[in-house]
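The structure appears right after this line, and notes come after that.
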Number of protein chains: 2
Amino acid sequence: MRPNDPEHPDGTRAAKRPTIVDVARAAGVSTAVVSYALNGRPGVSPATRARVLRMADELGWRPATAARSLRSGPGAVGIVIVHDGGTGSRVASTLDLVAGAQEALGADGPTLAVHVAGSVDEAARLMDSWWTERRYAGYVVPHTRADDARLTTLRRVPAPTVVVGDVIGPSPTTWRHVVLDDAAAFARVGTFLADLGHARVAMLTGGDALLAPRRRARALGAALAERDVRFQAVSGDTAERAAAAVRPLLVGPDRPTAVVTDDDVAAGVVLDVARRLGLAVPWDLSVLAGTDSAACQLATPSLTAVPYPVRELGRAVGHALLGALAGDLAPGAVPPASGTVSVGNLVVRGSTAPPSA
Amino acid sequence: MRPNDPEHPDGTRAAKRPTIVDVARAAGVSTAVVSYALNGRPGVSPATRARVLRMADELGWRPATAARSLRSGPGAVGIVIVHDGGTGSRVASTLDLVAGAQEALGADGPTLAVHVAGSVDEAARLMDSWWTERRYAGYVVPHTRADDARLTTLRRVPAPTVVVGDVIGPSPTTWRHVVLDDAAAFARVGTFLADLGHARVAMLTGGDALLAPRRRARALGAALAERDVRFQAVSGDTAERAAAAVRPLLVGPDRPTAVVTDDDVAAGVVLDVARRLGLAVPWDLSVLAGTDSAACQLATPSLTAVPYPVRELGRAVGHALLGALAGDLAPGAVPPASGTVSVGNLVVRGSTAPPSA
DNA sequence: TTGAAAGCGTTACCAC
DNA sequence: GTGGTAACGCTTTCAA
């Protein structure tokens with residue numbers, strides 16, 4: 001169908017959408033004046049401005065995205081979610097992140113468009129194409145990984161970017177960073193478990209690629225080491241593999257008395273494995289979820305968890321995005337400032353207790 | 001930043017992106033020939049076509065979305081997710097739907113852009129604006145509701161649309177429909193529970209607005225009525241309200257011996273309420289989730305559930321979308337054909353059993 | 001088979 | 001303050 005095809009599919013005539021030319025004619029001025037008036041730029045008399053705005057409104061004029069993009073560059077920002085069937089509510093939480101970012105961006109800020117890719121590489125490829133096609137003004141990259149193809153691409157193309165999470169390697173000045181300060185929170189988890197009297201603690205993470213779980217494990221391990229608590233980390237990127245990784249740990253006399261997981265689904269897996277092994281949570285085994293969610297409240301027993309302020313994280317992303325798009329950094333200046341979102345205190349529920357003697 | 005600003009933010013010079021003019025010059029032909037060659041249109045000699053393609057590739061040319069949209073209309077399709085904090089993994093599953101649709105659309109089909117809105121009304125407003133702004137070539141509308149503002153909007157603007165779920169009222173010929181045939185599956189749930197010997201069954205749905213749960217409840221109720229099983233439906237759109245709705249049902253001697261829910265989170269709520277009331281699942285109470293998910297497998301006990309083929313649903317959406325965009329319906333022809341995705345057999349797990357005598 | 005040129009809707013520069 | 005007009009990159013019609 002042609003862009004302005006007045007031929008409505010069912011044969012009726014759809015009104016041709018008005019352009020600034022129509023508005024200009026209606027207001028009896030030139031298109032330049034209309035453009036200035038509509039964009040709130042100075043150089044138009046108040047009376048003319050009012051008349052133009054009224055006519056535009058009356059005619060139902062809205063700017064054509066394509067035409068505006070052609071002149072001024074794209075207004076939307078892209079975010080490509082990697083949907084590779086990993087464990088956890090990572091994918092779902094990304095939408096909360098987007099909601100938060102959109103909130104910070106406001107109604108007339110840029111809009112965030114989410115796309116779904118099957119792998120990091122596909123995501124990187126799409127982002128590359130779309131940048132070359134001038135489809136998006138910038139990108140948001142959530143859930144960074146080790147050796148992340150998306151970041152490799154974004155080091156090559158100068159797209160304004162907000163990276164959510166840790167980055168290995170250099171960051172171009174077009175990037176802004178937002179990180180969740182969960183290292184502090186996970187250190188507190190270590191103290192919490194040590195205080196309860198646990199002497200052997202394990203952590204289950206969802207695959208080796210993601211960087212956030214690594215940092216969490218590091219922080220937890222360090223805090224536990226300080227208290228002379230034995231610590232080990234295992235990983236499994238699907239529910240099945242996570243179960244297979246945890247099970248061997250929990251048999252034998254020297255087993256950990258507490259398991260910390262990266263996300264809610266992994267915690268569910270641990271609960272399941274424990275139940276099958278006849279270990280009573282929390283008495284025989286404490287379980288702690290690294291990412292709180294509704295599922296954590298509903299688990300049996302309900303799961304002690306580290307809060308996950310996605311919405312706030314999203315708002316921080318929105319603000320960082322505004323900075324990235326403005327490119328408000330002097331050439332050759334210091335690396336982009338980082339936004340840090342802090343995590344609150346552990347939500348203690350029924351899945352943690354002192355180890356049984 | 002201007003669209004083709006050669007000034008890279010860090011001061012280096014970014015290569016100006018090539019246009020068809022550059023390709024034309026490199027290949028020694030006119031832009032018209034380049035356009036024809038690049039779009040696989042007839043009227044170009046094989047030799048010229050090959051040369052053009054090679055040059056385009058060599059220069060790293062990609063079509064500018066905005067310029068193409070300006071002439072030929074937008075290529076992308078929008079889908080606005082309503083993220084109002086309701087129960088269930090509805091939001092998350094929408095991304096699976098999108099992944100499935102994208103799969104059916106193929107790599108060079110239109111891409112699906114997901115946006116997040118806080119309410120149905122906001123979604124409708126956005127879709128209206130974006131249609132007028134020629135931002136999207138069409139829309140996908142998932143999770144239809146009673147009195148759905150999005151559909152009201154789409155009856156007014158002639159946007160090619162794929163509606164996923166039931167529709168109350170007339171459908172313009174620009175619409176295509178995809179429905180999940182879960183009525184049949186829920187009828188089978190009724191038979192299943194009746195066969196187990198349940199005489200009183202309840203269903204918990206997540207709020208009254210969504211149409212899918214209504215149809216499910218209707219199908220379940222009808223199947224149970226045939227077997228003289230008493231049936232009642234209650235609803236609650238958040239975890240708290242769902243719990244408040246279910247609790248009163250489960251006290252008293254005449255309580256249902258089985259509860260069917262619309263989604264996994266609601267089923268978790270029922271498990272939780274049952275536990276607090278000292279009802280042992282499945283012996284004192286059977287619980288059945290209407291939408292299967294990883295959470296259903298991990299619940300304690302694991303939840304018997306109705307499969308949810310969201311990926312296939314997505315593929316059907318993709319195909320329907322192609323039809324909608326092509327507008328392949330004769331003017332004034334029969335209403336758009338519906339695509340139906342059928343649901344497999346109940347996955348029986350540990351949360352259902354015959355009622356205790 | 002190819003080339004020239006007219007749009008598409010908006011913005012921004014330069015005159016007046 | 002305001003009006004003309006040249007871009008922006010691509011598609012498509014019309015001639016050659």
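A note on labels: chains of the structure tokens are A, B, ... as shown, every chain counts residues from 1, and ligands are counted from 1 in their shown order.
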Could you give me the residues within stretch 170-245 of chain A that DSSP places in helix (DSSP H, G or I), as a PyMOL selection string?
-> chain A and resi 182-196+211-226+239-245
Selection export as a short mmCIF file (atom, residue, chain, number, x, y, z; two decimals), in the first residue's frame, atoms kept: N, CA, C and O atoms:
```cif
data_model
loop_
_atom_site.label_atom_id
_atom_site.label_comp_id
_atom_site.auth_asym_id
_atom_site.auth_seq_id
_atom_site.Cartn_x
_atom_site.Cartn_y
_atom_site.Cartn_z
N ASP A 182 24.63 -4.15 43.27
CA ASP A 182 24.27 -5.32 44.06
C ASP A 182 25.47 -5.99 44.71
O ASP A 182 25.32 -6.90 45.51
N ALA A 183 26.66 -5.50 44.38
CA ALA A 183 27.84 -6.05 45.06
C ALA A 183 27.70 -5.80 46.55
O ALA A 183 27.89 -6.71 47.38
N ALA A 184 27.34 -4.57 46.91
CA ALA A 184 27.14 -4.25 48.32
C ALA A 184 26.07 -5.15 48.93
O ALA A 184 26.23 -5.69 50.03
N ALA A 185 24.99 -5.32 48.19
CA ALA A 185 23.90 -6.14 48.71
C ALA A 185 24.34 -7.59 48.91
O ALA A 185 23.99 -8.23 49.91
N PHE A 186 25.14 -8.09 47.97
CA PHE A 186 25.58 -9.48 48.11
C PHE A 186 26.62 -9.64 49.21
O PHE A 186 26.71 -10.70 49.84
N ALA A 187 27.39 -8.60 49.45
CA ALA A 187 28.29 -8.63 50.60
C ALA A 187 27.45 -8.75 51.89
O ALA A 187 27.78 -9.53 52.79
N ARG A 188 26.37 -8.00 51.93
CA ARG A 188 25.49 -8.08 53.10
C ARG A 188 24.87 -9.47 53.24
O ARG A 188 24.64 -9.94 54.35
N VAL A 189 24.59 -10.09 52.10
CA VAL A 189 24.07 -11.46 52.14
C VAL A 189 25.09 -12.37 52.83
O VAL A 189 24.74 -13.21 53.66
N GLY A 190 26.36 -12.17 52.48
CA GLY A 190 27.43 -12.97 53.10
C GLY A 190 27.44 -12.78 54.60
O GLY A 190 27.48 -13.76 55.37
N THR A 191 27.38 -11.54 55.02
CA THR A 191 27.37 -11.25 56.46
C THR A 191 26.16 -11.89 57.13
O THR A 191 26.27 -12.51 58.21
N PHE A 192 25.04 -11.75 56.48
CA PHE A 192 23.79 -12.30 57.01
C PHE A 192 23.91 -13.80 57.25
O PHE A 192 23.59 -14.31 58.33
N LEU A 193 24.43 -14.51 56.25
CA LEU A 193 24.54 -15.97 56.37
C LEU A 193 25.59 -16.35 57.41
O LEU A 193 25.39 -17.30 58.19
N ALA A 194 26.68 -15.61 57.43
CA ALA A 194 27.73 -15.90 58.43
C ALA A 194 27.17 -15.66 59.83
O ALA A 194 27.40 -16.47 60.74
N ASP A 195 26.42 -14.59 59.99
CA ASP A 195 25.83 -14.30 61.30
C ASP A 195 24.88 -15.41 61.74
O ASP A 195 24.77 -15.71 62.93
N LEU A 196 24.18 -15.98 60.77
CA LEU A 196 23.27 -17.07 61.11
C LEU A 196 24.04 -18.31 61.55
O LEU A 196 23.49 -19.22 62.17
N LEU A 211 27.54 -11.11 33.15
CA LEU A 211 28.53 -10.53 34.06
C LEU A 211 27.97 -10.22 35.45
O LEU A 211 28.68 -10.30 36.43
N ALA A 212 26.69 -9.86 35.50
CA ALA A 212 26.12 -9.49 36.79
C ALA A 212 26.25 -10.60 37.83
O ALA A 212 26.70 -10.36 38.95
N PRO A 213 25.88 -11.83 37.49
CA PRO A 213 26.02 -12.92 38.47
C PRO A 213 27.47 -13.10 38.92
O PRO A 213 27.72 -13.42 40.08
N ARG A 214 28.38 -12.87 38.02
CA ARG A 214 29.80 -13.01 38.38
C ARG A 214 30.17 -12.03 39.47
O ARG A 214 30.84 -12.37 40.44
N ARG A 215 29.73 -10.78 39.26
CA ARG A 215 30.08 -9.76 40.25
C ARG A 215 29.43 -10.09 41.59
O ARG A 215 30.03 -9.94 42.65
N ARG A 216 28.20 -10.56 41.50
CA ARG A 216 27.50 -10.94 42.71
C ARG A 216 28.25 -12.05 43.46
O ARG A 216 28.45 -11.98 44.67
N ALA A 217 28.65 -13.06 42.70
CA ALA A 217 29.35 -14.18 43.32
C ALA A 217 30.66 -13.70 43.94
O ALA A 217 31.04 -14.14 45.04
N ARG A 218 31.33 -12.80 43.24
CA ARG A 218 32.60 -12.29 43.75
C ARG A 218 32.39 -11.57 45.08
O ARG A 218 33.12 -11.78 46.05
N ALA A 219 31.38 -10.72 45.11
CA ALA A 219 31.11 -9.95 46.32
C ALA A 219 30.73 -10.86 47.47
O ALA A 219 31.19 -10.70 48.62
N LEU A 220 29.89 -11.84 47.15
CA LEU A 220 29.47 -12.78 48.18
C LEU A 220 30.65 -13.58 48.70
O LEU A 220 30.85 -13.72 49.91
N GLY A 221 31.45 -14.07 47.76
CA GLY A 221 32.63 -14.86 48.13
C GLY A 221 33.59 -14.09 49.02
O GLY A 221 34.09 -14.60 50.02
N ALA A 222 33.80 -12.82 48.65
CA ALA A 222 34.73 -12.00 49.43
C ALA A 222 34.23 -11.79 50.85
O ALA A 222 34.98 -11.91 51.83
N ALA A 223 32.94 -11.49 50.95
CA ALA A 223 32.37 -11.25 52.28
C ALA A 223 32.44 -12.50 53.14
O ALA A 223 32.72 -12.44 54.34
N LEU A 224 32.21 -13.64 52.50
CA LEU A 224 32.23 -14.90 53.25
C LEU A 224 33.66 -15.27 53.65
O LEU A 224 33.90 -15.80 54.75
N ALA A 225 34.59 -14.98 52.75
CA ALA A 225 35.99 -15.30 53.06
C ALA A 225 36.45 -14.56 54.31
O ALA A 225 37.18 -15.11 55.14
N GLU A 226 35.99 -13.34 54.42
CA GLU A 226 36.36 -12.54 55.59
C GLU A 226 35.89 -13.17 56.89
O GLU A 226 36.47 -12.94 57.96
N ALA A 239 16.98 -24.59 33.60
CA ALA A 239 16.51 -25.19 34.86
C ALA A 239 17.10 -26.59 35.04
O ALA A 239 17.56 -26.95 36.12
N GLU A 240 17.12 -27.35 33.96
CA GLU A 240 17.63 -28.72 34.05
C GLU A 240 19.12 -28.72 34.43
O GLU A 240 19.55 -29.46 35.31
N ARG A 241 19.88 -27.90 33.74
CA ARG A 241 21.31 -27.87 34.01
C ARG A 241 21.62 -27.32 35.39
O ARG A 241 22.57 -27.75 36.05
N ALA A 242 20.80 -26.35 35.81
CA ALA A 242 21.00 -25.81 37.15
C ALA A 242 20.76 -26.91 38.18
O ALA A 242 21.55 -27.08 39.13
N ALA A 243 19.71 -27.69 37.98
CA ALA A 243 19.41 -28.78 38.90
C ALA A 243 20.58 -29.78 38.91
O ALA A 243 21.02 -30.24 39.97
N ALA A 244 21.07 -30.08 37.73
CA ALA A 244 22.18 -31.03 37.63
C ALA A 244 23.44 -30.51 38.30
O ALA A 244 24.26 -31.28 38.80
N ALA A 245 23.60 -29.19 38.32
CA ALA A 245 24.79 -28.62 38.94
C ALA A 245 24.67 -28.59 40.46
O ALA A 245 25.66 -28.76 41.18
#
```
Go through stretch 44-92 of chain B and collect every residue that DSSP, computed from the backbone, puts in strand (DSSP E); the answer should be as a PyMOL selection string.
-> chain B and resi 77-82
Proximity of chain D to chain B: per-residue shortest pair, 10 Å limit, only C-alpha atoms (C1' of nucleotides), as JSON lines:
```
{"residue": "D:DC8", "atom": "C1'", "partner": "B:Ala67", "partner_atom": "CA", "distance": 7.8}
{"residue": "D:DG9", "atom": "C1'", "partner": "B:Ala67", "partner_atom": "CA", "distance": 4.9}
{"residue": "D:DC10", "atom": "C1'", "partner": "B:Ala67", "partner_atom": "CA", "distance": 5.3}
{"residue": "D:DT11", "atom": "C1'", "partner": "B:Arg71", "partner_atom": "CA", "distance": 6.3}
{"residue": "D:DT12", "atom": "C1'", "partner": "B:Ala32", "partner_atom": "CA", "distance": 8.4}
```
Dump as a tab-separated table (two decimals), in the first residue's frame, selection limited to N, CA and C atoms (P, O5', C5', C4', C3', O3' and C1' of nucleotides):
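Written out: result-v3.tsv:
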```
chain	number	residue	atom	x	y	z
D	8	DC	P	22.11	16.79	1.43
D	8	DC	O5'	21.14	15.80	2.20
D	8	DC	C5'	20.93	15.90	3.60
D	8	DC	C4'	19.80	14.99	3.99
D	8	DC	C3'	19.76	13.70	3.18
D	8	DC	O3'	20.45	12.69	3.90
D	8	DC	C1'	17.57	14.65	3.54
D	9	DG	P	21.49	11.79	3.12
D	9	DG	O5'	20.57	10.67	2.48
D	9	DG	C5'	19.89	9.79	3.35
D	9	DG	C4'	18.92	8.96	2.54
D	9	DG	C3'	19.55	8.20	1.37
D	9	DG	O3'	19.13	6.87	1.48
D	9	DG	C1'	17.67	9.42	0.64
D	10	DC	P	19.47	5.79	0.43
D	10	DC	O5'	18.06	5.61	-0.26
D	10	DC	C5'	16.98	5.22	0.56
D	10	DC	C4'	15.67	5.38	-0.18
D	10	DC	C3'	15.56	4.51	-1.43
D	10	DC	O3'	14.58	3.50	-1.19
D	10	DC	C1'	14.80	6.75	-1.80
D	11	DT	P	14.32	2.39	-2.26
D	11	DT	O5'	13.14	3.05	-3.08
D	11	DT	C5'	11.90	3.24	-2.44
D	11	DT	C4'	10.91	3.85	-3.39
D	11	DT	C3'	10.56	3.02	-4.61
D	11	DT	O3'	9.15	3.07	-4.74
D	11	DT	C1'	11.21	5.18	-5.27
D	12	DT	P	8.41	2.03	-5.67
D	12	DT	O5'	7.97	2.96	-6.87
D	12	DT	C5'	7.35	4.21	-6.60
D	12	DT	C4'	7.23	5.02	-7.87
D	12	DT	C3'	7.02	4.18	-9.14
D	12	DT	O3'	6.07	4.84	-9.94
D	12	DT	C1'	8.85	5.61	-9.42
```
May I ask you to extract the residues of chain C within 9 Å of chain B, using only C-alpha atoms (C1' of nucleotides), and to give them as a JSON list (two decimals) with all heavy atoms, in the first residue's frame?
```
[["chain", "number", "residue", "atom", "x", "y", "z"],
["C", 1, "DT", "P", 16.73, -6.03, -20.38],
["C", 1, "DT", "OP1", 17.66, -7.12, -20.15],
["C", 1, "DT", "OP2", 15.53, -5.88, -19.56],
["C", 1, "DT", "O5'", 17.49, -4.63, -20.27],
["C", 1, "DT", "C5'", 18.72, -4.45, -20.91],
["C", 1, "DT", "C4'", 19.02, -2.98, -20.84],
["C", 1, "DT", "O4'", 17.87, -2.25, -21.30],
["C", 1, "DT", "C3'", 19.30, -2.46, -19.43],
["C", 1, "DT", "O3'", 20.63, -1.99, -19.42],
["C", 1, "DT", "C2'", 18.30, -1.32, -19.22],
["C", 1, "DT", "C1'", 17.86, -1.00, -20.64],
["C", 1, "DT", "N1", 16.48, -0.44, -20.77],
["C", 1, "DT", "C2", 16.34, 0.87, -21.20],
["C", 1, "DT", "O2", 17.29, 1.60, -21.45],
["C", 1, "DT", "N3", 15.04, 1.31, -21.31],
["C", 1, "DT", "C4", 13.89, 0.57, -21.07],
["C", 1, "DT", "O4", 12.78, 1.07, -21.21],
["C", 1, "DT", "C5", 14.11, -0.79, -20.63],
["C", 1, "DT", "C7", 12.94, -1.68, -20.34],
["C", 1, "DT", "C6", 15.37, -1.24, -20.50],
["C", 2, "DT", "P", 21.34, -1.37, -18.18],
["C", 2, "DT", "OP1", 22.79, -1.43, -18.39],
["C", 2, "DT", "OP2", 20.72, -1.98, -17.01],
["C", 2, "DT", "O5'", 20.90, 0.14, -18.25],
["C", 2, "DT", "C5'", 21.58, 1.02, -19.13],
["C", 2, "DT", "C4'", 20.90, 2.35, -19.11],
["C", 2, "DT", "O4'", 19.48, 2.19, -19.26],
["C", 2, "DT", "C3'", 21.06, 3.14, -17.81],
["C", 2, "DT", "O3'", 22.06, 4.10, -18.00],
["C", 2, "DT", "C2'", 19.69, 3.77, -17.56],
["C", 2, "DT", "C1'", 18.90, 3.39, -18.80],
["C", 2, "DT", "N1", 17.45, 3.14, -18.60],
["C", 2, "DT", "C2", 16.56, 4.11, -18.97],
["C", 2, "DT", "O2", 16.90, 5.19, -19.46],
["C", 2, "DT", "N3", 15.24, 3.80, -18.75],
["C", 2, "DT", "C4", 14.74, 2.63, -18.21],
["C", 2, "DT", "O4", 13.55, 2.46, -18.07],
["C", 2, "DT", "C5", 15.74, 1.64, -17.83],
["C", 2, "DT", "C7", 15.31, 0.35, -17.25],
["C", 2, "DT", "C6", 17.04, 1.95, -18.04],
["C", 3, "DG", "P", 22.45, 5.06, -16.79],
["C", 3, "DG", "OP1", 23.85, 5.51, -17.01],
["C", 3, "DG", "OP2", 22.06, 4.41, -15.53],
["C", 3, "DG", "O5'", 21.50, 6.29, -17.06],
["C", 3, "DG", "C5'", 21.58, 6.96, -18.30],
["C", 3, "DG", "C4'", 20.75, 8.21, -18.26],
["C", 3, "DG", "O4'", 19.35, 7.85, -18.28],
["C", 3, "DG", "C3'", 20.96, 9.09, -17.03],
["C", 3, "DG", "O3'", 20.97, 10.45, -17.47],
["C", 3, "DG", "C2'", 19.76, 8.78, -16.16],
["C", 3, "DG", "C1'", 18.68, 8.44, -17.19],
["C", 3, "DG", "N9", 17.70, 7.47, -16.75],
["C", 3, "DG", "C8", 17.95, 6.24, -16.18],
["C", 3, "DG", "N7", 16.86, 5.56, -15.91],
["C", 3, "DG", "C5", 15.82, 6.39, -16.33],
["C", 3, "DG", "C6", 14.43, 6.19, -16.28],
["C", 3, "DG", "O6", 13.81, 5.20, -15.87],
["C", 3, "DG", "N1", 13.73, 7.28, -16.80],
["C", 3, "DG", "C2", 14.32, 8.40, -17.29],
["C", 3, "DG", "N2", 13.50, 9.35, -17.74],
["C", 3, "DG", "N3", 15.64, 8.61, -17.33],
["C", 3, "DG", "C4", 16.32, 7.57, -16.83],
["C", 4, "DA", "P", 21.36, 11.59, -16.48],
["C", 4, "DA", "OP1", 22.40, 12.38, -17.16],
["C", 4, "DA", "OP2", 21.59, 11.04, -15.15],
["C", 4, "DA", "O5'", 20.02, 12.46, -16.43],
["C", 4, "DA", "C5'", 19.20, 12.60, -17.59],
["C", 4, "DA", "C4'", 17.92, 13.30, -17.24],
["C", 4, "DA", "O4'", 16.93, 12.32, -16.83],
["C", 4, "DA", "C3'", 18.00, 14.31, -16.10],
["C", 4, "DA", "O3'", 17.19, 15.42, -16.46],
["C", 4, "DA", "C2'", 17.47, 13.54, -14.90],
["C", 4, "DA", "C1'", 16.43, 12.63, -15.55],
["C", 4, "DA", "N9", 16.22, 11.34, -14.88],
["C", 4, "DA", "C8", 17.19, 10.51, -14.38],
["C", 4, "DA", "N7", 16.71, 9.40, -13.85],
["C", 4, "DA", "C5", 15.34, 9.52, -14.02],
["C", 4, "DA", "C6", 14.28, 8.67, -13.69],
["C", 4, "DA", "N6", 14.43, 7.49, -13.11],
["C", 4, "DA", "N1", 13.02, 9.09, -14.01],
["C", 4, "DA", "C2", 12.87, 10.27, -14.62],
["C", 4, "DA", "N3", 13.80, 11.15, -14.99],
["C", 4, "DA", "C4", 15.03, 10.71, -14.65],
["C", 7, "DG", "P", 5.92, 16.89, -8.84],
["C", 7, "DG", "OP1", 4.71, 16.10, -8.51],
["C", 7, "DG", "OP2", 5.80, 18.24, -9.41],
["C", 7, "DG", "O5'", 6.89, 16.98, -7.56],
["C", 7, "DG", "C5'", 6.37, 16.78, -6.27],
["C", 7, "DG", "C4'", 6.14, 15.30, -6.01],
["C", 7, "DG", "O4'", 7.32, 14.57, -6.44],
["C", 7, "DG", "C3'", 5.94, 15.01, -4.54],
["C", 7, "DG", "O3'", 4.77, 14.25, -4.37],
["C", 7, "DG", "C2'", 7.18, 14.27, -4.08],
["C", 7, "DG", "C1'", 7.81, 13.78, -5.37],
["C", 7, "DG", "N9", 9.27, 13.98, -5.30],
["C", 7, "DG", "C8", 9.97, 15.13, -5.59],
["C", 7, "DG", "N7", 11.26, 14.98, -5.44],
["C", 7, "DG", "C5", 11.42, 13.66, -5.04],
["C", 7, "DG", "C6", 12.59, 12.93, -4.72],
["C", 7, "DG", "O6", 13.77, 13.32, -4.73],
["C", 7, "DG", "N1", 12.29, 11.62, -4.35],
["C", 7, "DG", "C2", 11.02, 11.09, -4.29],
["C", 7, "DG", "N2", 10.93, 9.81, -3.91],
["C", 7, "DG", "N3", 9.93, 11.75, -4.60],
["C", 7, "DG", "C4", 10.19, 13.03, -4.96],
["C", 8, "DC", "P", 3.79, 14.59, -3.21],
["C", 8, "DC", "OP1", 2.50, 13.98, -3.55],
["C", 8, "DC", "OP2", 3.92, 16.03, -2.96],
["C", 8, "DC", "O5'", 4.42, 13.84, -1.96],
["C", 8, "DC", "C5'", 4.26, 12.44, -1.78],
["C", 8, "DC", "C4'", 5.15, 12.00, -0.65],
["C", 8, "DC", "O4'", 6.50, 11.95, -1.12],
["C", 8, "DC", "C3'", 5.18, 13.01, 0.50],
["C", 8, "DC", "O3'", 4.20, 12.62, 1.46],
["C", 8, "DC", "C2'", 6.60, 12.87, 1.07],
["C", 8, "DC", "C1'", 7.37, 12.12, -0.03],
["C", 8, "DC", "N1", 8.59, 12.82, -0.53],
["C", 8, "DC", "C2", 9.79, 12.13, -0.68],
["C", 8, "DC", "O2", 9.82, 10.93, -0.39],
["C", 8, "DC", "N3", 10.88, 12.78, -1.14],
["C", 8, "DC", "C4", 10.81, 14.08, -1.44],
["C", 8, "DC", "N4", 11.90, 14.68, -1.89],
["C", 8, "DC", "C5", 9.59, 14.80, -1.30],
["C", 8, "DC", "C6", 8.51, 14.15, -0.84],
["C", 9, "DG", "P", 3.23, 13.73, 2.04],
["C", 9, "DG", "OP1", 2.11, 13.03, 2.66],
["C", 9, "DG", "OP2", 3.00, 14.80, 1.06],
["C", 9, "DG", "O5'", 4.14, 14.34, 3.20],
["C", 9, "DG", "C5'", 4.45, 13.52, 4.31],
["C", 9, "DG", "C4'", 5.43, 14.24, 5.21],
["C", 9, "DG", "O4'", 6.63, 14.51, 4.48],
["C", 9, "DG", "C3'", 4.93, 15.60, 5.73],
["C", 9, "DG", "O3'", 5.17, 15.62, 7.11],
["C", 9, "DG", "C2'", 5.75, 16.61, 4.94],
["C", 9, "DG", "C1'", 7.04, 15.84, 4.69],
["C", 9, "DG", "N9", 7.79, 16.22, 3.51],
["C", 9, "DG", "C8", 7.28, 16.60, 2.29],
["C", 9, "DG", "N7", 8.21, 16.85, 1.39],
["C", 9, "DG", "C5", 9.41, 16.60, 2.06],
["C", 9, "DG", "C6", 10.74, 16.71, 1.61],
["C", 9, "DG", "O6", 11.16, 17.03, 0.49],
["C", 9, "DG", "N1", 11.65, 16.36, 2.62],
["C", 9, "DG", "C2", 11.30, 15.98, 3.88],
["C", 9, "DG", "N2", 12.31, 15.69, 4.72],
["C", 9, "DG", "N3", 10.06, 15.88, 4.32],
["C", 9, "DG", "C4", 9.16, 16.21, 3.36]]
```
Just the residues within 12 Å of A:Gly109, please, counting only C-alpha atoms (C1' of nucleotides), with nothing from its chain fewer than 5 positions along; format it as an MDAnalysis selection string.
-> chainID A and resid 75:77 101:104 318:319 321:322 325:326
Keeping only C-alpha atoms, write the selected residues as a PDB file, in the first residue's frame.
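Once written, part-v4.pdb looks like this:
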```pdb
ATOM      1  CA  GLY A  75      13.875   9.939  17.377  1.00  0.00           C
ATOM      2  CA  ALA A  76      13.446   6.461  18.808  1.00  0.00           C
ATOM      3  CA  VAL A  77      15.897   4.390  20.753  1.00  0.00           C
ATOM      4  CA  ALA A 101      13.075   4.300  31.365  1.00  0.00           C
ATOM      5  CA  GLN A 102      10.033   5.482  29.456  1.00  0.00           C
ATOM      6  CA  GLU A 103       8.796   7.106  32.633  1.00  0.00           C
ATOM      7  CA  ALA A 104      12.034   9.067  33.003  1.00  0.00           C
ATOM      8  CA  GLY A 318      16.167   6.953  30.979  1.00  0.00           C
ATOM      9  CA  HIS A 319      18.240   9.755  32.410  1.00  0.00           C
ATOM     10  CA  LEU A 321      19.884   7.959  27.727  1.00  0.00           C
ATOM     11  CA  LEU A 322      19.037  11.627  27.621  1.00  0.00           C
ATOM     12  CA  LEU A 325      21.628  11.374  23.055  1.00  0.00           C
ATOM     13  CA  ALA A 326      22.602  14.934  23.891  1.00  0.00           C
TER      14      ALA A 326
END
```
Kindly provide the residues of chain A that approach chain B to within 7 Å, each paired with its closest atom pair and their distance in Å to one decimal, based on only C-alpha atoms, listed by chain and increasing number, as CSV.
```
residue,atom,partner,partner_atom,distance
A:Arg2,CA,B:Ser72,CA,5.7
A:Pro3,CA,B:Gly73,CA,4.4
A:Pro9,CA,B:Pro331,CA,6.1
A:Asp10,CA,B:Pro331,CA,4.5
A:Gly11,CA,B:Pro331,CA,5.6
A:Arg62,CA,B:Glu133,CA,5.7
A:Pro63,CA,B:Glu133,CA,5.6
A:Ala64,CA,B:Glu133,CA,4.5
A:Thr65,CA,B:Glu133,CA,5.5
A:Ala66,CA,B:Ala66,CA,4.5
A:Ala67,CA,B:Leu70,CA,5.9
A:Ser69,CA,B:Ala66,CA,5.6
A:Leu70,CA,B:Ala66,CA,5.2
A:Arg71,CA,B:Pro3,CA,6.8
A:Ser72,CA,B:Pro3,CA,5.6
A:Gly73,CA,B:Pro3,CA,4.4
A:Val91,CA,B:Ala92,CA,6.9
A:Ala92,CA,B:Ala92,CA,4.5
A:Ala99,CA,B:Val116,CA,6.0
A:Leu112,CA,B:His115,CA,6.7
A:Ala113,CA,B:Ala113,CA,5.5
A:Val114,CA,B:Val114,CA,4.7
A:His115,CA,B:Ala113,CA,5.5
A:Val116,CA,B:Ala99,CA,6.0
A:Thr132,CA,B:Arg62,CA,6.3
A:Glu133,CA,B:Ala64,CA,4.5
A:Arg134,CA,B:Ala64,CA,5.9
A:Arg135,CA,B:Thr65,CA,5.7
A:Thr173,CA,B:Asp10,CA,6.5
A:Thr174,CA,B:Pro9,CA,6.8
A:Gly268,CA,B:Leu298,CA,5.8
A:Val269,CA,B:Leu298,CA,6.4
A:Asp272,CA,B:Leu298,CA,6.3
A:Leu298,CA,B:Gly268,CA,5.8
A:Ala299,CA,B:Ala299,CA,6.8
A:Thr300,CA,B:Thr300,CA,6.5
A:Pro331,CA,B:Asp10,CA,4.6
A:Gly332,CA,B:Asp10,CA,5.6
```
